[in-house]
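**Q** Let me begin by handing over the structure; questions about it come next.
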Amino acid sequence: MTERDVNYAKVLQELHLSEESISEARALFQESRELLMALSNPAIKKKEKEAVINRIFCEEIRSFIKVLCDNRYIENIEAIFKAYDLLVLEKSDRISATLSYVTKPSEDQIKGIKQMICKKYNKVDVLLQLNEDKSLMGGFVLKVEDTEYDKSLKGKILDLQKTLLWR
């Protein structure tokens with residue numbers, strides 16, 4: 001995610017659009033890679049792109065998408081949406097984290113992980129995404145912002161390999 005992505009996300013946030021219009025736009029881009037390819041294609045005329053935008057997007061978000069097309073930055077819409085999500089979380093004093101595991105943790109363990117993250121990052125809540133990953137062989141990997149806590153068996157084996165290679 002670049003600074004430019006974050007700047008566009010801030011603009012999106014300052015527009016005070018409804019969450020519904022943002023999530024509908026996001027879904028359209030996720031469901032149709034062809035749409036993104038067409039809107040980012042410099043061979044397609046501006047009027048044609050605007051006609052497509054006017055036809056499929058709600059009025060509330062059209063101008064924003066048109067600006068991205070005009071600035072030839074529409075191909076970064078997914079990164080902009082991710083940056084926007086982070087801004088929304090930050091504004092609500094929440095944080096996002098991902099927990100990858102082999103064996104799903106109990107509700108008490110999840111609660112403890114969330115409490116640890118809230119305390120460490122000084123947040124009131126955590127949006128915790130859970131992902132099963134059998135390749136870890138055991139344990140878990142927790143990712144919070146740019147920090148990764150690797151407590152997996154796979155991670156320990158890789159660390160041991162690195163240590164043995166340096167000897």
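Residues are named by chain letter and number: chains run A, B, ... in the order of the structure tokens, numbers start at 1 in each chain, and ligands are numbered from 1 in the order shown.
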Excluding A:Lys66 and any residue of its chain fewer than 3 positions from it, enumerate the residues within 10 Å of it, using only C-alpha atoms, and give them as a list of chain:residue names.

**A**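 What passes the distance filter is A:Leu39, A:Lys46, A:Lys49, A:Glu50, A:Ile53, A:Asn54, A:Ile61, A:Arg62, A:Ser63, A:Cys69, A:Asp70, A:Asn71, A:Arg72, A:Tyr73, A:Ile74.
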
**Q** One decimal, Å: what's the distance from atom CA of A:Val52 over to atom CA of A:Leu35, could you say?

**A**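 That distance, rounded to one decimal, is 8.9 Å.
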
**Q** Near A:Ser100, counting only C-alpha atoms, which residues have an atom at most 8 Å away, once you skip same-chain residues fewer than 2 positions from it, shown as a VMD selection string?

**A** chain A and resid 98 102 130 to 133 140 to 142

**Q** Just the residues within 12 Å of A:Ile113, please, counting only C-alpha atoms, with nothing from its chain fewer than 3 positions along; format it as an MDAnalysis selection string.

**A** chainID A and resid 97:99 105:110 116:120 125:130 140:144 149

**Q** Any chance you could list, as an MDAnalysis selection string, the residues in chain A that come up alpha helix (DSSP H) when DSSP is run on the backbone?

**A** chainID A and resid 3:14 19:31 33:40 46:56 59:70 77:91 107:121 153:165

**Q** For A:Phe29, which of A:Leu153, A:Val11, A:Val6, A:Glu75 is the closest residue, counting only C-alpha atoms?

**A**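 Ranking A:Leu153, A:Val11, A:Val6, A:Glu75 by distance to A:Phe29, first place goes to A:Glu75.
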
**Q** List every residue of stretch 1-154 of chain A that DSSP, applied to the backbone, labels as strand (DSSP E), and write the result as JSON, numbers by chain.

**A** {"A": [94, 95, 96, 97, 98, 99, 100, 101, 125, 126, 127, 128, 129, 130, 131, 132, 139, 140, 141, 142, 143, 144, 147, 148, 149, 150, 151, 152]}

**Q** Create the file for the chosen residues now, containing N, CA and C atoms and written as a PDB file, in the first residue's frame.

**A**
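part-v4.pdb written:
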ATOM      1  N   ARG A  94     -10.082   0.790  16.664  1.00  0.00           N
ATOM      2  CA  ARG A  94     -10.002  -0.659  16.520  1.00  0.00           C
ATOM      3  C   ARG A  94      -8.782  -0.994  15.667  1.00  0.00           C
ATOM      4  N   ILE A  95      -8.439  -2.266  15.630  1.00  0.00           N
ATOM      5  CA  ILE A  95      -7.302  -2.722  14.836  1.00  0.00           C
ATOM      6  C   ILE A  95      -7.677  -4.044  14.181  1.00  0.00           C
ATOM      7  N   SER A  96      -7.053  -4.315  13.062  1.00  0.00           N
ATOM      8  CA  SER A  96      -7.295  -5.557  12.339  1.00  0.00           C
ATOM      9  C   SER A  96      -6.115  -6.498  12.533  1.00  0.00           C
ATOM     10  N   ALA A  97      -6.415  -7.784  12.672  1.00  0.00           N
ATOM     11  CA  ALA A  97      -5.368  -8.794  12.825  1.00  0.00           C
ATOM     12  C   ALA A  97      -5.828 -10.081  12.147  1.00  0.00           C
ATOM     13  N   THR A  98      -4.847 -10.907  11.791  1.00  0.00           N
ATOM     14  CA  THR A  98      -5.143 -12.197  11.169  1.00  0.00           C
ATOM     15  C   THR A  98      -4.452 -13.295  11.966  1.00  0.00           C
ATOM     16  N   LEU A  99      -5.211 -14.313  12.319  1.00  0.00           N
ATOM     17  CA  LEU A  99      -4.674 -15.455  13.042  1.00  0.00           C
ATOM     18  C   LEU A  99      -4.786 -16.681  12.145  1.00  0.00           C
ATOM     19  N   SER A 100      -3.630 -17.229  11.769  1.00  0.00           N
ATOM     20  CA  SER A 100      -3.592 -18.464  10.992  1.00  0.00           C
ATOM     21  C   SER A 100      -3.257 -19.591  11.951  1.00  0.00           C
ATOM     22  N   TYR A 101      -3.935 -20.715  11.832  1.00  0.00           N
ATOM     23  CA  TYR A 101      -3.802 -21.803  12.802  1.00  0.00           C
ATOM     24  C   TYR A 101      -3.967 -23.151  12.112  1.00  0.00           C
ATOM     25  N   ASP A 125     -10.877  -2.548  20.492  1.00  0.00           N
ATOM     26  CA  ASP A 125     -11.394  -3.784  19.917  1.00  0.00           C
ATOM     27  C   ASP A 125     -10.490  -4.245  18.778  1.00  0.00           C
ATOM     28  N   VAL A 126     -10.614  -5.528  18.451  1.00  0.00           N
ATOM     29  CA  VAL A 126      -9.825  -6.134  17.389  1.00  0.00           C
ATOM     30  C   VAL A 126     -10.769  -6.819  16.409  1.00  0.00           C
ATOM     31  N   LEU A 127     -10.563  -6.548  15.146  1.00  0.00           N
ATOM     32  CA  LEU A 127     -11.261  -7.278  14.092  1.00  0.00           C
ATOM     33  C   LEU A 127     -10.325  -8.426  13.721  1.00  0.00           C
ATOM     34  N   LEU A 128     -10.601  -9.604  14.251  1.00  0.00           N
ATOM     35  CA  LEU A 128      -9.706 -10.753  14.100  1.00  0.00           C
ATOM     36  C   LEU A 128     -10.228 -11.693  13.028  1.00  0.00           C
ATOM     37  N   GLN A 129      -9.426 -11.846  11.987  1.00  0.00           N
ATOM     38  CA  GLN A 129      -9.766 -12.772  10.911  1.00  0.00           C
ATOM     39  C   GLN A 129      -9.084 -14.098  11.211  1.00  0.00           C
ATOM     40  N   LEU A 130      -9.831 -15.177  11.148  1.00  0.00           N
ATOM     41  CA  LEU A 130      -9.300 -16.508  11.432  1.00  0.00           C
ATOM     42  C   LEU A 130      -9.136 -17.289  10.132  1.00  0.00           C
ATOM     43  N   ASN A 131      -7.936 -17.883   9.954  1.00  0.00           N
ATOM     44  CA  ASN A 131      -7.648 -18.670   8.748  1.00  0.00           C
ATOM     45  C   ASN A 131      -7.036 -20.006   9.147  1.00  0.00           C
ATOM     46  N   GLU A 132      -7.645 -21.078   8.708  1.00  0.00           N
ATOM     47  CA  GLU A 132      -7.057 -22.391   8.933  1.00  0.00           C
ATOM     48  C   GLU A 132      -5.930 -22.589   7.920  1.00  0.00           C
ATOM     49  N   GLY A 139       0.718 -25.023  15.995  1.00  0.00           N
ATOM     50  CA  GLY A 139       0.874 -23.651  16.466  1.00  0.00           C
ATOM     51  C   GLY A 139       0.055 -22.660  15.653  1.00  0.00           C
ATOM     52  N   PHE A 140       0.544 -21.414  15.601  1.00  0.00           N
ATOM     53  CA  PHE A 140      -0.209 -20.356  14.919  1.00  0.00           C
ATOM     54  C   PHE A 140       0.719 -19.243  14.462  1.00  0.00           C
ATOM     55  N   VAL A 141       0.194 -18.386  13.577  1.00  0.00           N
ATOM     56  CA  VAL A 141       0.878 -17.166  13.146  1.00  0.00           C
ATOM     57  C   VAL A 141      -0.136 -16.034  13.306  1.00  0.00           C
ATOM     58  N   LEU A 142       0.259 -15.008  14.055  1.00  0.00           N
ATOM     59  CA  LEU A 142      -0.594 -13.850  14.277  1.00  0.00           C
ATOM     60  C   LEU A 142       0.034 -12.649  13.582  1.00  0.00           C
ATOM     61  N   LYS A 143      -0.746 -11.989  12.714  1.00  0.00           N
ATOM     62  CA  LYS A 143      -0.271 -10.794  12.014  1.00  0.00           C
ATOM     63  C   LYS A 143      -1.102  -9.609  12.474  1.00  0.00           C
ATOM     64  N   VAL A 144      -0.413  -8.595  13.004  1.00  0.00           N
ATOM     65  CA  VAL A 144      -1.052  -7.363  13.452  1.00  0.00           C
ATOM     66  C   VAL A 144      -0.270  -6.222  12.827  1.00  0.00           C
ATOM     67  N   THR A 147       3.528  -6.379  11.942  1.00  0.00           N
ATOM     68  CA  THR A 147       4.233  -7.302  12.825  1.00  0.00           C
ATOM     69  C   THR A 147       3.643  -8.703  12.710  1.00  0.00           C
ATOM     70  N   GLU A 148       4.546  -9.676  12.626  1.00  0.00           N
ATOM     71  CA  GLU A 148       4.108 -11.072  12.550  1.00  0.00           C
ATOM     72  C   GLU A 148       4.685 -11.827  13.743  1.00  0.00           C
ATOM     73  N   TYR A 149       3.805 -12.508  14.473  1.00  0.00           N
ATOM     74  CA  TYR A 149       4.202 -13.346  15.596  1.00  0.00           C
ATOM     75  C   TYR A 149       4.061 -14.781  15.132  1.00  0.00           C
ATOM     76  N   ASP A 150       5.184 -15.421  14.823  1.00  0.00           N
ATOM     77  CA  ASP A 150       5.163 -16.779  14.285  1.00  0.00           C
ATOM     78  C   ASP A 150       5.471 -17.765  15.400  1.00  0.00           C
ATOM     79  N   LYS A 151       4.452 -18.427  15.868  1.00  0.00           N
ATOM     80  CA  LYS A 151       4.581 -19.450  16.911  1.00  0.00           C
ATOM     81  C   LYS A 151       4.176 -20.810  16.341  1.00  0.00           C
ATOM     82  N   SER A 152       4.493 -20.987  15.052  1.00  0.00           N
ATOM     83  CA  SER A 152       4.120 -22.233  14.386  1.00  0.00           C
ATOM     84  C   SER A 152       5.291 -23.205  14.370  1.00  0.00           C
TER      85      SER A 152
END

**Q** Excluding A:Gln13 and any residue of its chain fewer than 3 positions from it, enumerate the residues within 8 Å of it, using only C-alpha atoms, and give them as a list of chain:residue names.

**A**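 Using only C-alpha atoms, the neighbours found are A:Ala9, A:Lys10, A:His16, A:Leu17, A:Tyr84, A:Leu87, A:Val88.
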
**Q** Nearest residue to A:Met137 out of A:Asn122, A:Thr103, A:Asn76, A:Thr163, using only C-alpha atoms?

**A**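 Looking at the shortest contact to A:Met137, the residue is A:Thr103.
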
**Q** I want to know what sits within 8 Å of A:Lys154, based on only C-alpha atoms, with residues of the same chain fewer than 5 positions away left out; could you give that as a compact mmCIF listing (two decimals) with N, CA, C and O atoms, in the first residue's frame?

**A**
# COMPACT_ATOMS: atom_id res chain seq x y z
N SER A 135 -0.56 -26.05 6.60
CA SER A 135 0.87 -26.06 6.28
C SER A 135 1.74 -25.61 7.47
O SER A 135 2.94 -25.82 7.47
N LEU A 136 1.12 -25.00 8.48
CA LEU A 136 1.88 -24.56 9.65
C LEU A 136 2.33 -25.74 10.51
O LEU A 136 3.22 -25.59 11.33
N MET A 137 1.72 -26.90 10.34
CA MET A 137 2.02 -28.16 11.02
C MET A 137 1.65 -28.14 12.50
O MET A 137 1.51 -29.17 13.12
N GLY A 138 1.53 -27.00 13.09
CA GLY A 138 1.17 -26.86 14.51
C GLY A 138 1.37 -25.41 14.91
O GLY A 138 2.07 -24.66 14.24
